[in-house]
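A.B. asks: Supplied structure: entry21.cif, mmCIF, C-alpha atoms.
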```cif
data_entry
loop_
_atom_site.label_atom_id
_atom_site.label_comp_id
_atom_site.auth_asym_id
_atom_site.auth_seq_id
_atom_site.Cartn_x
_atom_site.Cartn_y
_atom_site.Cartn_z
CA MET A 1 9.02 -9.74 -29.19
CA GLU A 2 10.80 -12.73 -27.74
CA PRO A 3 11.69 -13.74 -24.20
CA MET A 4 15.05 -12.54 -22.96
CA GLU A 5 17.56 -14.70 -21.20
CA PRO A 6 18.26 -13.72 -17.57
CA GLU A 7 21.71 -12.42 -18.53
CA GLU A 8 20.22 -10.26 -21.25
CA LEU A 9 17.63 -8.85 -18.84
CA SER A 10 20.26 -8.12 -16.25
CA SER A 11 22.46 -6.26 -18.71
CA LEU A 12 19.44 -4.33 -20.01
CA VAL A 13 18.63 -3.22 -16.46
CA ALA A 14 22.28 -2.28 -15.95
CA ALA A 15 22.26 -0.24 -19.16
CA ALA A 16 19.12 1.60 -18.02
CA VAL A 17 20.70 2.29 -14.65
CA GLY A 18 23.66 3.67 -16.56
CA GLY A 19 21.36 6.14 -18.26
CA GLN A 20 20.69 4.57 -21.64
CA ASP A 21 17.25 5.68 -22.81
CA ARG A 22 16.97 2.90 -25.35
CA ALA A 23 17.53 0.24 -22.68
CA TRP A 24 14.78 1.79 -20.58
CA GLU A 25 12.42 1.88 -23.56
CA ARG A 26 13.05 -1.78 -24.24
CA LEU A 27 12.21 -2.63 -20.63
CA VAL A 28 8.99 -0.64 -20.89
CA GLU A 29 8.04 -2.27 -24.16
CA HIS A 30 8.87 -5.70 -22.80
CA PHE A 31 6.99 -5.50 -19.51
CA SER A 32 4.07 -3.12 -20.14
CA GLY A 33 1.77 -6.00 -21.12
CA LEU A 34 2.54 -7.71 -17.85
CA ILE A 35 2.01 -4.62 -15.68
CA TRP A 36 -1.18 -3.67 -17.49
CA SER A 37 -2.38 -7.22 -16.88
CA ILE A 38 -1.94 -6.71 -13.16
CA ALA A 39 -3.35 -3.17 -13.03
CA GLY A 40 -6.42 -4.23 -15.01
CA SER A 41 -7.29 -7.17 -12.78
CA TYR A 42 -8.42 -5.46 -9.59
CA GLY A 43 -11.56 -3.70 -10.72
CA LEU A 44 -9.96 -0.26 -10.72
CA GLY A 45 -11.14 2.41 -13.14
CA ARG A 46 -8.97 2.94 -16.20
CA ALA A 47 -7.45 6.17 -14.92
CA ASP A 48 -6.45 4.47 -11.67
CA ALA A 49 -5.07 1.47 -13.53
CA ALA A 50 -2.99 3.83 -15.68
CA ASP A 51 -1.72 5.53 -12.51
CA VAL A 52 -0.70 2.17 -11.09
CA VAL A 53 1.36 1.40 -14.18
CA GLN A 54 3.00 4.78 -14.06
CA VAL A 55 3.85 4.70 -10.37
CA THR A 56 5.32 1.25 -10.93
CA TRP A 57 7.66 2.55 -13.63
CA LEU A 58 8.56 5.64 -11.59
CA ARG A 59 9.45 3.38 -8.66
CA LEU A 60 11.64 1.32 -10.93
CA VAL A 61 13.47 4.43 -12.12
CA GLU A 62 14.82 4.84 -8.59
CA HIS A 63 15.08 1.18 -7.65
CA ALA A 64 16.55 -0.34 -10.81
CA GLY A 65 20.08 0.06 -9.51
CA ARG A 66 19.14 -1.53 -6.19
CA LEU A 67 17.50 -4.74 -7.37
CA ARG A 68 19.03 -7.75 -5.70
CA ASP A 69 18.56 -9.86 -8.82
CA PRO A 70 17.89 -7.70 -11.91
CA SER A 71 16.85 -10.74 -13.94
CA ARG A 72 13.82 -11.03 -11.62
CA ILE A 73 12.61 -7.58 -12.56
CA GLY A 74 9.25 -9.02 -13.70
CA ALA A 75 8.46 -10.28 -10.22
CA TRP A 76 9.51 -6.94 -8.74
CA LEU A 77 7.20 -5.06 -11.11
CA VAL A 78 4.27 -7.37 -10.38
CA THR A 79 4.74 -7.08 -6.61
CA THR A 80 4.92 -3.30 -6.83
CA ALA A 81 1.87 -3.00 -9.07
CA ARG A 82 -0.21 -5.38 -6.93
CA ARG A 83 0.61 -3.44 -3.78
CA GLU A 84 -0.44 -0.18 -5.43
CA CYS A 85 -3.70 -1.70 -6.67
CA LEU A 86 -4.60 -2.94 -3.19
CA GLY A 87 -3.58 0.38 -1.65
CA LEU A 88 -5.86 2.27 -4.05
CA LEU A 89 -8.74 -0.05 -3.33
CA ARG A 90 -8.35 0.57 0.39
CA ALA A 91 -7.66 4.28 0.23
CA GLY A 92 -11.28 5.14 -0.37
CA SER A 93 -10.50 8.42 -2.10
CA ARG A 94 -10.60 7.51 -5.75
CA GLU A 95 -12.93 6.37 -8.51
CA HIS A 96 -12.41 2.72 -7.64
CA VAL A 97 -15.07 0.98 -9.51
CA ALA A 98 -14.37 0.20 -13.10
CA ASP A 99 -17.22 0.85 -15.49
CA ASP A 100 -16.89 -2.29 -17.55
CA ASP A 101 -19.59 -1.28 -20.01
CA GLU A 102 -17.90 2.06 -20.56
CA THR A 103 -14.61 0.29 -21.22
CA PHE A 104 -16.33 -1.99 -23.67
CA GLU A 105 -17.94 0.91 -25.53
CA ARG A 106 -14.74 2.92 -25.57
CA ASN A 107 -12.91 0.19 -27.41
CA GLY A 108 -15.93 -0.96 -29.36
CA SER A 109 -13.84 -1.08 -32.52
CA TRP A 110 -12.83 -4.61 -31.57
CA ARG A 111 -14.72 -5.99 -34.53
CA SER A 112 -11.73 -6.48 -36.74
CA PRO A 113 -12.46 -7.81 -40.24
CA GLU A 114 -11.52 -11.38 -39.41
CA SER A 115 -13.75 -11.57 -36.35
CA GLN A 116 -17.18 -10.63 -37.62
CA VAL A 117 -18.58 -13.90 -36.33
CA LEU A 118 -18.36 -12.74 -32.75
CA GLU A 119 -20.98 -10.07 -32.69
CA SER A 120 -21.17 -7.26 -30.22
CA GLU A 121 -23.53 -8.54 -27.55
CA ARG A 122 -21.79 -11.86 -27.31
CA ALA A 123 -18.44 -10.13 -26.98
CA ARG A 124 -19.86 -7.91 -24.30
CA LEU A 125 -21.00 -10.95 -22.36
CA VAL A 126 -17.56 -12.52 -22.64
CA TRP A 127 -16.03 -9.30 -21.37
CA ARG A 128 -18.48 -8.95 -18.47
CA SER A 129 -18.03 -12.58 -17.46
CA PHE A 130 -14.27 -12.24 -17.60
CA ARG A 131 -14.47 -9.18 -15.35
CA GLN A 132 -16.40 -11.22 -12.79
CA LEU A 133 -13.51 -13.63 -12.35
CA GLY A 134 -11.32 -13.23 -9.29
CA SER A 135 -8.24 -11.00 -9.50
CA ARG A 136 -5.82 -13.89 -9.62
CA CYS A 137 -7.64 -15.52 -12.53
CA GLN A 138 -7.78 -12.27 -14.44
CA GLU A 139 -4.09 -11.65 -13.76
CA LEU A 140 -3.04 -15.03 -15.01
CA LEU A 141 -5.27 -15.06 -18.09
CA ARG A 142 -4.30 -11.53 -19.08
CA ALA A 143 -0.63 -12.19 -18.45
CA LEU A 144 -0.73 -15.31 -20.60
CA LEU A 145 -2.57 -13.41 -23.31
CA PHE A 146 -0.49 -10.25 -23.30
CA ALA A 147 2.83 -10.76 -21.54
CA TYR A 148 3.49 -13.85 -23.61
CA PRO A 149 5.44 -14.19 -25.92
CA ALA A 150 7.59 -11.28 -24.68
CA LEU A 151 7.92 -13.37 -21.56
CA SER A 152 8.26 -17.11 -21.52
CA TYR A 153 5.76 -19.22 -19.58
CA GLU A 154 8.50 -19.70 -16.98
CA GLN A 155 8.93 -15.94 -16.70
CA VAL A 156 5.18 -15.35 -16.39
CA ALA A 157 5.08 -17.96 -13.62
CA GLU A 158 8.02 -16.43 -11.82
CA ALA A 159 6.63 -12.90 -12.14
CA LEU A 160 3.25 -13.92 -10.74
CA GLY A 161 4.87 -15.93 -7.97
CA MET A 162 3.39 -19.22 -9.16
CA PRO A 163 5.12 -22.58 -9.52
CA ILE A 164 5.56 -23.30 -13.22
CA GLY A 165 3.66 -26.55 -12.83
CA SER A 166 0.54 -24.77 -11.60
CA ILE A 167 0.18 -22.42 -14.57
CA GLY A 168 -1.58 -24.94 -16.80
CA PRO A 169 -4.01 -26.32 -14.19
CA THR A 170 -4.81 -22.83 -12.85
CA ARG A 171 -5.43 -21.52 -16.35
CA ALA A 172 -7.78 -24.45 -16.98
CA ARG A 173 -9.64 -23.80 -13.71
CA CYS A 174 -10.05 -20.12 -14.54
CA LEU A 175 -11.33 -20.94 -18.03
CA ASP A 176 -13.76 -23.45 -16.50
CA GLN A 177 -15.10 -20.69 -14.26
CA LEU A 178 -15.44 -18.41 -17.26
CA ARG A 179 -17.22 -21.10 -19.23
CA ARG A 180 -19.70 -21.66 -16.38
CA LYS A 181 -20.53 -17.96 -16.26
CA LEU A 182 -21.04 -17.93 -20.00
CA GLY A 183 -22.99 -21.17 -19.94
CA ALA A 184 -25.73 -19.58 -17.90
CA ASP A 185 -26.60 -17.60 -20.98
CA VAL A 186 -28.72 -19.61 -23.36
CA SER A 187 -27.56 -17.81 -26.46
CA LEU A 188 -24.00 -18.82 -25.71
CA ALA A 189 -24.80 -22.42 -24.89
CA GLU A 190 -25.98 -23.20 -28.39
CA MET B 1 -7.84 -21.65 -37.90
CA SER B 2 -9.77 -18.64 -39.12
CA ASP B 3 -12.90 -20.80 -39.28
CA ASP B 4 -12.77 -21.21 -35.53
CA HIS B 5 -11.83 -17.65 -34.83
CA GLY B 6 -14.63 -15.86 -33.10
CA SER B 7 -17.04 -18.74 -33.29
CA PRO B 8 -19.59 -19.37 -30.55
CA ILE B 9 -18.29 -20.21 -27.11
CA PRO B 10 -17.33 -23.89 -27.26
CA ASP B 11 -19.38 -26.43 -25.36
CA GLU B 12 -18.08 -28.68 -22.62
CA GLY B 13 -17.07 -31.42 -25.01
CA GLN B 14 -14.33 -29.31 -26.52
CA GLY B 15 -11.10 -28.15 -25.02
CA HIS B 16 -10.39 -24.58 -24.08
CA GLU B 17 -8.77 -23.71 -27.39
CA ARG B 18 -11.74 -21.91 -28.88
CA LEU B 19 -12.73 -20.22 -25.63
CA TRP B 20 -9.14 -19.07 -25.35
CA ARG B 21 -9.20 -17.57 -28.83
CA VAL B 22 -12.50 -15.82 -28.15
CA LEU B 23 -11.15 -14.46 -24.88
CA ALA B 24 -7.95 -13.30 -26.56
CA GLU B 25 -9.95 -11.51 -29.19
CA VAL B 26 -12.36 -9.82 -26.79
CA VAL B 27 -9.95 -8.82 -24.03
CA GLY B 28 -7.29 -7.90 -26.57
CA ALA B 29 -9.71 -5.57 -28.32
CA VAL B 30 -11.56 -4.17 -25.31
CA ASP B 31 -8.68 -3.64 -22.91
CA PRO B 32 -5.31 -3.57 -24.66
CA VAL B 33 -2.35 -1.66 -23.20
CA PRO B 34 -3.35 1.95 -23.95
CA PRO B 35 -0.73 3.77 -26.05
CA GLU B 36 -0.60 6.59 -23.52
CA VAL B 37 0.22 4.10 -20.77
CA LEU B 38 3.12 2.80 -22.82
CA GLN B 39 4.26 6.34 -23.48
CA SER B 40 4.07 7.38 -19.83
CA GLY B 41 6.25 4.37 -19.02
CA ARG B 42 8.84 5.59 -21.50
CA ASP B 43 8.59 9.15 -20.16
CA SER B 44 9.21 8.00 -16.58
CA PHE B 45 12.90 7.76 -17.37
CA ALA B 46 13.12 11.55 -17.53
CA TRP B 47 12.62 11.57 -13.73
CA ARG B 48 15.79 9.65 -13.15
CA THR B 49 17.84 11.39 -10.49
CA ILE B 50 21.58 11.25 -10.33
CA ASP B 51 23.53 12.04 -7.19
CA ALA B 52 20.55 11.79 -4.90
CA GLU B 53 19.92 9.51 -1.96
CA LEU B 54 16.74 7.45 -2.20
CA ALA B 55 14.30 7.55 0.69
CA ALA B 56 12.38 4.34 0.08
CA LEU B 57 8.75 3.95 1.08
CA THR B 58 8.82 1.68 4.12
CA TYR B 59 5.35 2.24 5.54
CA ASP B 60 2.02 3.13 3.96
CA SER B 61 -1.11 2.99 6.10
CA SER B 62 -3.20 2.34 2.98
CA SER B 63 -1.42 -1.00 2.68
CA GLU B 64 -2.62 -2.08 6.10
CA PRO B 65 -5.17 -4.86 6.37
CA ALA B 66 -8.71 -3.59 6.03
CA ALA B 67 -9.42 -4.27 9.72
CA ALA B 68 -6.79 -1.76 10.76
CA ALA B 69 -8.25 0.84 8.43
CA VAL B 70 -11.64 0.33 10.03
CA VAL B 71 -10.15 0.96 13.47
CA ARG B 72 -8.52 4.17 12.26
CA GLY B 73 -11.66 5.27 10.48
CA PRO B 74 -12.05 5.93 6.79
CA GLU B 75 -11.33 9.64 7.20
CA ALA B 76 -8.06 9.19 9.08
CA PRO B 77 -5.12 10.77 7.23
CA ARG B 78 -2.87 8.39 5.33
CA GLN B 79 0.51 7.89 6.95
CA LEU B 80 3.66 7.40 4.89
CA THR B 81 7.22 6.77 5.98
CA PHE B 82 10.24 7.13 3.70
CA GLU B 83 13.66 6.03 4.85
CA ALA B 84 17.08 6.99 3.57
CA PRO B 85 20.32 5.92 5.29
CA GLU B 86 20.50 9.14 7.31
CA LEU B 87 17.04 10.62 7.08
CA THR B 88 13.51 9.50 7.79
CA VAL B 89 10.57 11.42 6.38
CA GLY B 90 7.14 10.93 7.88
CA VAL B 91 4.18 12.36 5.99
CA GLU B 92 0.52 12.62 6.84
CA VAL B 93 -1.72 13.01 3.81
CA THR B 94 -5.20 14.48 4.08
CA VAL B 95 -7.59 14.30 1.15
CA LEU B 96 -9.30 17.60 0.40
CA GLY B 97 -11.34 16.98 -2.71
CA ALA B 98 -8.99 16.96 -5.68
CA HIS B 99 -6.13 18.23 -3.53
CA ARG B 100 -3.95 16.78 -0.81
CA ARG B 101 -2.51 18.41 2.27
CA LEU B 102 0.87 17.08 3.30
CA ILE B 103 2.15 17.52 6.84
CA GLY B 104 5.64 16.16 7.27
CA GLN B 105 8.39 15.56 9.74
CA LEU B 106 12.08 15.06 9.10
CA VAL B 107 14.04 12.84 11.50
CA PRO B 108 16.55 13.82 12.67
CA ALA B 109 14.92 17.22 12.91
CA GLN B 110 16.60 19.81 10.73
CA ARG B 111 15.98 22.64 8.34
CA ALA B 112 15.48 21.66 4.74
CA LEU B 113 13.97 22.79 1.50
CA VAL B 114 11.29 20.24 0.64
CA THR B 115 10.04 20.17 -2.93
CA VAL B 116 6.91 18.23 -3.76
CA ARG B 117 7.58 17.02 -7.29
CA HIS B 118 4.44 16.31 -9.24
CA GLN B 119 4.55 13.99 -12.21
CA GLN B 120 2.42 16.39 -14.22
CA GLY B 121 5.19 18.95 -13.98
CA SER B 122 4.32 21.29 -11.16
CA ALA B 123 6.54 21.50 -8.11
CA VAL B 124 5.80 23.13 -4.78
CA ALA B 125 8.71 24.06 -2.54
CA VAL B 126 8.21 24.53 1.18
CA GLU B 127 10.63 24.93 4.05
CA ALA B 128 11.04 22.55 6.92
CA ASP B 129 11.69 24.47 10.14
CA GLU B 130 14.42 23.74 12.69
CA LEU B 131 12.18 21.06 14.20
CA GLY B 132 12.00 19.36 10.80
CA ARG B 133 8.34 20.16 10.29
CA PHE B 134 6.94 21.06 6.91
CA ARG B 135 3.54 21.49 5.36
CA ALA B 136 2.33 21.67 1.78
CA ASP B 137 -1.28 22.56 1.03
CA ASP B 138 -3.08 22.27 -2.27
CA VAL B 139 -0.97 19.49 -3.75
CA PRO B 140 -2.99 18.19 -6.71
CA ALA B 141 -3.97 14.52 -6.54
CA GLY B 142 -1.65 12.35 -8.57
CA LEU B 143 1.87 11.03 -8.58
CA CYS B 144 4.26 12.82 -6.26
CA SER B 145 7.74 12.51 -4.86
CA LEU B 146 9.49 14.60 -2.22
CA ARG B 147 12.93 16.07 -2.79
CA CYS B 148 14.65 17.22 0.39
CA GLN B 149 17.61 19.55 0.19
CA LEU B 150 18.98 19.29 3.70
CA GLY B 151 20.36 22.29 5.52
CA GLY B 152 18.23 24.67 3.49
CA LEU B 153 19.80 25.96 0.33
CA GLN B 154 23.33 24.83 1.03
CA ALA B 155 24.56 22.38 -1.52
CA GLY B 156 24.55 18.79 -0.38
CA THR B 157 23.33 15.47 -1.65
CA PRO B 158 19.57 15.79 -1.87
CA VAL B 159 17.26 13.03 -0.71
CA VAL B 160 14.42 12.02 -3.01
CA SER B 161 11.54 9.84 -1.93
CA ASP B 162 9.85 7.03 -3.77
CA TRP B 163 6.97 8.11 -5.96
CA VAL B 164 3.54 7.68 -4.44
CA LEU B 165 -0.01 8.05 -5.71
CA LEU B 166 -1.68 10.70 -3.62
#
```
Since I need it in another form, could you write the structure as structure tokens?

C.D. replies:
Amino acid sequence: MEPMEPEELSSLVAAAVGGQDRAWERLVEHFSGLIWSIAGSYGLGRADAADVVQVTWLRLVEHAGRLRDPSRIGAWLVTTARRECLGLLRAGSREHVADDDETFERNGSWRSPESQVLESERARLVWRSFRQLGSRCQELLRALLFAYPALSYEQVAEALGMPIGSIGPTRARCLDQLRRKLGADVSLAE
Amino acid sequence: MSDDHGSPIPDEGQGHERLWRVLAEVVGAVDPVPPEVLQSGRDSFAWRTIDAELAALTYDSSSEPAAAAVVRGPEAPRQLTFEAPELTVGVEVTVLGAHRRLIGQLVPAQRALVTVRHQQGSAVAVEADELGRFRADDVPAGLCSLRCQLGGLQAGTPVVSDWVLL
């Protein structure tokens, strides 16, 4: 998947508003990595995170024709998803707390053939440490990992509401934090 | 490249390249976009409404700063306001275990058929009385939207609200 030019995005949104299923599907395929990055960064349980993604798409179904600038749809999606995450965290009526170990076990098939070097406990530590980072760090790192290359760096920056020039330094700061958390573990410092 | 892949976490002397690859591998494997999440995004399009006015969510008490929530108390019902050009819908949501009770008010007050559309397929229709009041009990938790057919069953442009997680 490659980044789309603003004109292409705008016409895709217009086609979806006009009722074209395929245009809608392309939007979903293009932006799901980004929205999942947001929904996964607030410590919500997986079911709640999935709900956040879905309510975000359902909102877009009604709002797509009303966007002031359809080419900025990424920023609109991020804003909507963030608001829902924070609302859920405050509502006090749901299974807020993510079980990070359960998530790790569920997808324990991560040991793909080419990655046998990174054994399970070390991977678990990386995952746990990553989950201890602040929401904004997790958002940015996930978005760079999963929204890119469908979105350009510029589009990731715009969607997250960050100046393009701060992406690199912020990413480095977040990775420094991650490294410090990992460094406390002797087996990873070797 | 593959030699570095998945190697131990790099020490301070190295750049972030290896840490980045390790992180990509771990997070990509542990928490990828679930296929069902992708599919539910695709399926959302089926809820597209044509010839309906949108009542956009303009107020949600759960989006208030935490301090305000403390003042109201954790058990206070959630307040939602949806606004369309000629109709405002206020809804108070009470959590009752896995269900929600909705008590609503149409402004201006008028009779209407209010359907609580549930993303999982069920729909509950209740009537708003001449004072614009309506009530729906036993709405399952989940994604909901209200569809208001003003003036009761007479044909007219319906008003649909934004979807909300209840």

A.B. asks: Taking the file as I've supplied it (selection: the PyMOL selection byres ((chain A and resi 3-5) around 7)), which residues are included? Please answer as JSON, numbers by chain.

C.D. replies: {"A": [1, 2, 6, 7, 8, 9, 149, 150, 151, 152]}

A.B. asks: Could you state the separation of CA of Leu150 (chain B) and CA of Ala128 (chain B) in Å, given to one decimal place?

C.D. replies: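 Distance reported for this atom pair: 9.2 Å.
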
A.B. asks: Taking all atoms listed in the file into account, which of B:Thr81, B:Thr157, B:Thr88, B:Thr94 comes nearest chain A?

C.D. replies: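 Closest residue, counting all atoms listed in the file: B:Thr94.
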
A.B. asks: Using only C-alpha atoms, which residues sit within 10 Å of Arg142 (chain A) once same-chain residues fewer than 6 positions away are excluded, as a list of chain:residue names?

C.D. replies: A:Gly33, A:Leu34, A:Ile35, A:Trp36, A:Ser37, A:Ile38, A:Gly40, A:Ser41, A:Arg136, A:Tyr148, B:Leu23, B:Ala24, B:Val27, B:Gly28, B:Asp31, B:Pro32

A.B. asks: Could you expand the PyMOL selection byres ((chain B and resi 105-112) around 9) into the explicit residues it covers here, written as a list in words?

C.D. replies: Glu86, Leu87, Thr88, Val89, Gly90, Val91, Glu92, Ile103, Gly104, Leu113, Val114, Val126, Glu127, Ala128, Asp129, Glu130, Leu131, Gly132, Arg133, Phe134, Arg135, Cys148, Gln149, Leu150, Gly151, Gly152 and Leu153 of chain B

A.B. asks: Restricting the calculation to all atoms listed in the file, which member of A:Arg82, A:Arg72, A:Lys181, A:Arg59 is positioned closest to chain B?

C.D. replies: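 Residue with the minimum atom-to-atom distance to chain B: A:Arg59.
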
A.B. asks: Report as number ranges by chain all protein, DNA and RNA residues lying within 12 Å of Gly161 (chain A), evaluated on only C-alpha atoms, omitting residues in the same chain fewer than 4 positions from it.

C.D. replies: A: 72, 74-79, 82, 136, 139-140, 154-157, 165-167

A.B. asks: Next, write the just-selected residues to a file, as a tab-separated table (two decimals), keeping the file's coordinate frame, keeping C-alpha atoms as the atom set.

C.D. replies:
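Result file is result-v1.tsv:
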```tsv
chain	number	residue	atom	x	y	z
A	72	ARG	CA	13.82	-11.03	-11.62
A	74	GLY	CA	9.25	-9.02	-13.70
A	75	ALA	CA	8.46	-10.28	-10.22
A	76	TRP	CA	9.51	-6.94	-8.74
A	77	LEU	CA	7.20	-5.06	-11.11
A	78	VAL	CA	4.27	-7.37	-10.38
A	79	THR	CA	4.74	-7.08	-6.61
A	82	ARG	CA	-0.21	-5.38	-6.93
A	136	ARG	CA	-5.82	-13.89	-9.62
A	139	GLU	CA	-4.09	-11.65	-13.76
A	140	LEU	CA	-3.04	-15.03	-15.01
A	154	GLU	CA	8.50	-19.70	-16.98
A	155	GLN	CA	8.93	-15.94	-16.70
A	156	VAL	CA	5.18	-15.35	-16.39
A	157	ALA	CA	5.08	-17.96	-13.62
A	165	GLY	CA	3.66	-26.55	-12.83
A	166	SER	CA	0.54	-24.77	-11.60
A	167	ILE	CA	0.18	-22.42	-14.57
```

A.B. asks: Which is closer to chain B than all the others in A:Ala49, A:Leu144, A:Leu125, A:Ala91, using all atoms listed in the file?

C.D. replies: A:Ala91

A.B. asks: Edge lengths and centre, in Å to one decimal, as AutoDock Vina command-line options: that's what I need for the box along x, y and z that holds all listed atoms of region 77-93 of chain A plus 3 Å on each side.

C.D. replies:
```
--center_x -2.0 --center_y 0.5 --center_z -5.4 --size_x 24.5 --size_y 21.8 --size_z 17.5
```

A.B. asks: On this structure, which residues satisfy the PyMOL selection byres ((chain B and resi 78) around 7), written as a list in words?

C.D. replies: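 When the PyMOL selection byres ((chain B and resi 78) around 7) is applied to the shown file, the picked residues are Ser61, Ser62, Ala76, Pro77, Gln79, Leu80, Glu92, Val93 and Thr94 of chain B.
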
A.B. asks: Would you please work out which residue, of A:Arg66, A:Arg173, A:His30, A:Arg90, is nearest to chain B when using only C-alpha atoms?

C.D. replies: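 Counting only C-alpha atoms, the residue closest to chain B is A:Arg90.
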
A.B. asks: Quick check, in Å to one decimal: how far apart do CA of Ala81 (chain A) and CA of Asp138 (chain B) lie?

C.D. replies: 26.6 Å

A.B. asks: Which distance in Å separates CA of Asp176 (chain A) and CA of Leu86 (chain A), to one decimal?

C.D. replies: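 That distance, rounded to one decimal, is 26.1 Å.
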
A.B. asks: Using the partial input, fill out region 40-58 of chain B with N, CA and C atoms; write the result as a PDB file, keeping the file's coordinate frame.

C.D. replies:
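The file below, result_34.pdb, is the result:
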```
ATOM      1  N   SER B  40       3.734   6.844 -21.148  1.00  0.00           N
ATOM      2  CA  SER B  40       4.070   7.380 -19.830  1.00  0.00           C
ATOM      3  C   SER B  40       5.149   6.516 -19.172  1.00  0.00           C
ATOM      4  N   GLY B  41       5.163   5.229 -19.511  1.00  0.00           N
ATOM      5  CA  GLY B  41       6.250   4.370 -19.020  1.00  0.00           C
ATOM      6  C   GLY B  41       7.592   4.813 -19.578  1.00  0.00           C
ATOM      7  N   ARG B  42       7.593   5.109 -20.878  1.00  0.00           N
ATOM      8  CA  ARG B  42       8.840   5.590 -21.500  1.00  0.00           C
ATOM      9  C   ARG B  42       9.267   6.910 -20.860  1.00  0.00           C
ATOM     10  N   ASP B  43       8.291   7.808 -20.675  1.00  0.00           N
ATOM     11  CA  ASP B  43       8.590   9.150 -20.160  1.00  0.00           C
ATOM     12  C   ASP B  43       9.106   9.130 -18.723  1.00  0.00           C
ATOM     13  N   SER B  44       8.796   8.054 -17.987  1.00  0.00           N
ATOM     14  CA  SER B  44       9.210   8.000 -16.580  1.00  0.00           C
ATOM     15  C   SER B  44      10.716   8.154 -16.424  1.00  0.00           C
ATOM     16  N   PHE B  45      11.432   7.748 -17.463  1.00  0.00           N
ATOM     17  CA  PHE B  45      12.900   7.760 -17.370  1.00  0.00           C
ATOM     18  C   PHE B  45      13.442   9.169 -17.184  1.00  0.00           C
ATOM     19  N   ALA B  46      12.679  10.168 -17.652  1.00  0.00           N
ATOM     20  CA  ALA B  46      13.120  11.550 -17.530  1.00  0.00           C
ATOM     21  C   ALA B  46      13.231  11.977 -16.065  1.00  0.00           C
ATOM     22  N   TRP B  47      12.578  11.212 -15.154  1.00  0.00           N
ATOM     23  CA  TRP B  47      12.620  11.570 -13.730  1.00  0.00           C
ATOM     24  C   TRP B  47      13.803  10.956 -13.012  1.00  0.00           C
ATOM     25  N   ARG B  48      14.632  10.276 -13.765  1.00  0.00           N
ATOM     26  CA  ARG B  48      15.790   9.650 -13.150  1.00  0.00           C
ATOM     27  C   ARG B  48      16.632  10.706 -12.434  1.00  0.00           C
ATOM     28  N   THR B  49      16.990  10.438 -11.216  1.00  0.00           N
ATOM     29  CA  THR B  49      17.840  11.390 -10.490  1.00  0.00           C
ATOM     30  C   THR B  49      19.234  10.806 -10.347  1.00  0.00           C
ATOM     31  N   ILE B  50      20.188  11.665 -10.499  1.00  0.00           N
ATOM     32  CA  ILE B  50      21.580  11.250 -10.330  1.00  0.00           C
ATOM     33  C   ILE B  50      22.102  11.996  -9.111  1.00  0.00           C
ATOM     34  N   ASP B  51      22.954  11.387  -8.366  1.00  0.00           N
ATOM     35  CA  ASP B  51      23.530  12.040  -7.190  1.00  0.00           C
ATOM     36  C   ASP B  51      22.469  12.421  -6.179  1.00  0.00           C
ATOM     37  N   ALA B  52      21.512  11.555  -5.973  1.00  0.00           N
ATOM     38  CA  ALA B  52      20.550  11.790  -4.900  1.00  0.00           C
ATOM     39  C   ALA B  52      20.422  10.499  -4.098  1.00  0.00           C
ATOM     40  N   GLU B  53      20.182  10.676  -2.795  1.00  0.00           N
ATOM     41  CA  GLU B  53      19.920   9.510  -1.960  1.00  0.00           C
ATOM     42  C   GLU B  53      18.441   9.149  -2.121  1.00  0.00           C
ATOM     43  N   LEU B  54      18.143   7.866  -2.128  1.00  0.00           N
ATOM     44  CA  LEU B  54      16.740   7.450  -2.200  1.00  0.00           C
ATOM     45  C   LEU B  54      16.196   7.239  -0.798  1.00  0.00           C
ATOM     46  N   ALA B  55      15.051   7.861  -0.528  1.00  0.00           N
ATOM     47  CA  ALA B  55      14.300   7.550   0.690  1.00  0.00           C
ATOM     48  C   ALA B  55      13.172   6.614   0.260  1.00  0.00           C
ATOM     49  N   ALA B  56      13.338   5.340   0.556  1.00  0.00           N
ATOM     50  CA  ALA B  56      12.380   4.340   0.080  1.00  0.00           C
ATOM     51  C   ALA B  56      11.140   4.324   0.962  1.00  0.00           C
ATOM     52  N   LEU B  57      10.007   4.073   0.341  1.00  0.00           N
ATOM     53  CA  LEU B  57       8.750   3.950   1.080  1.00  0.00           C
ATOM     54  C   LEU B  57       8.803   2.680   1.931  1.00  0.00           C
ATOM     55  N   THR B  58       8.742   2.854   3.244  1.00  0.00           N
ATOM     56  CA  THR B  58       8.820   1.680   4.120  1.00  0.00           C
ATOM     57  C   THR B  58       7.522   1.448   4.882  1.00  0.00           C
TER      58      THR B  58
END
```
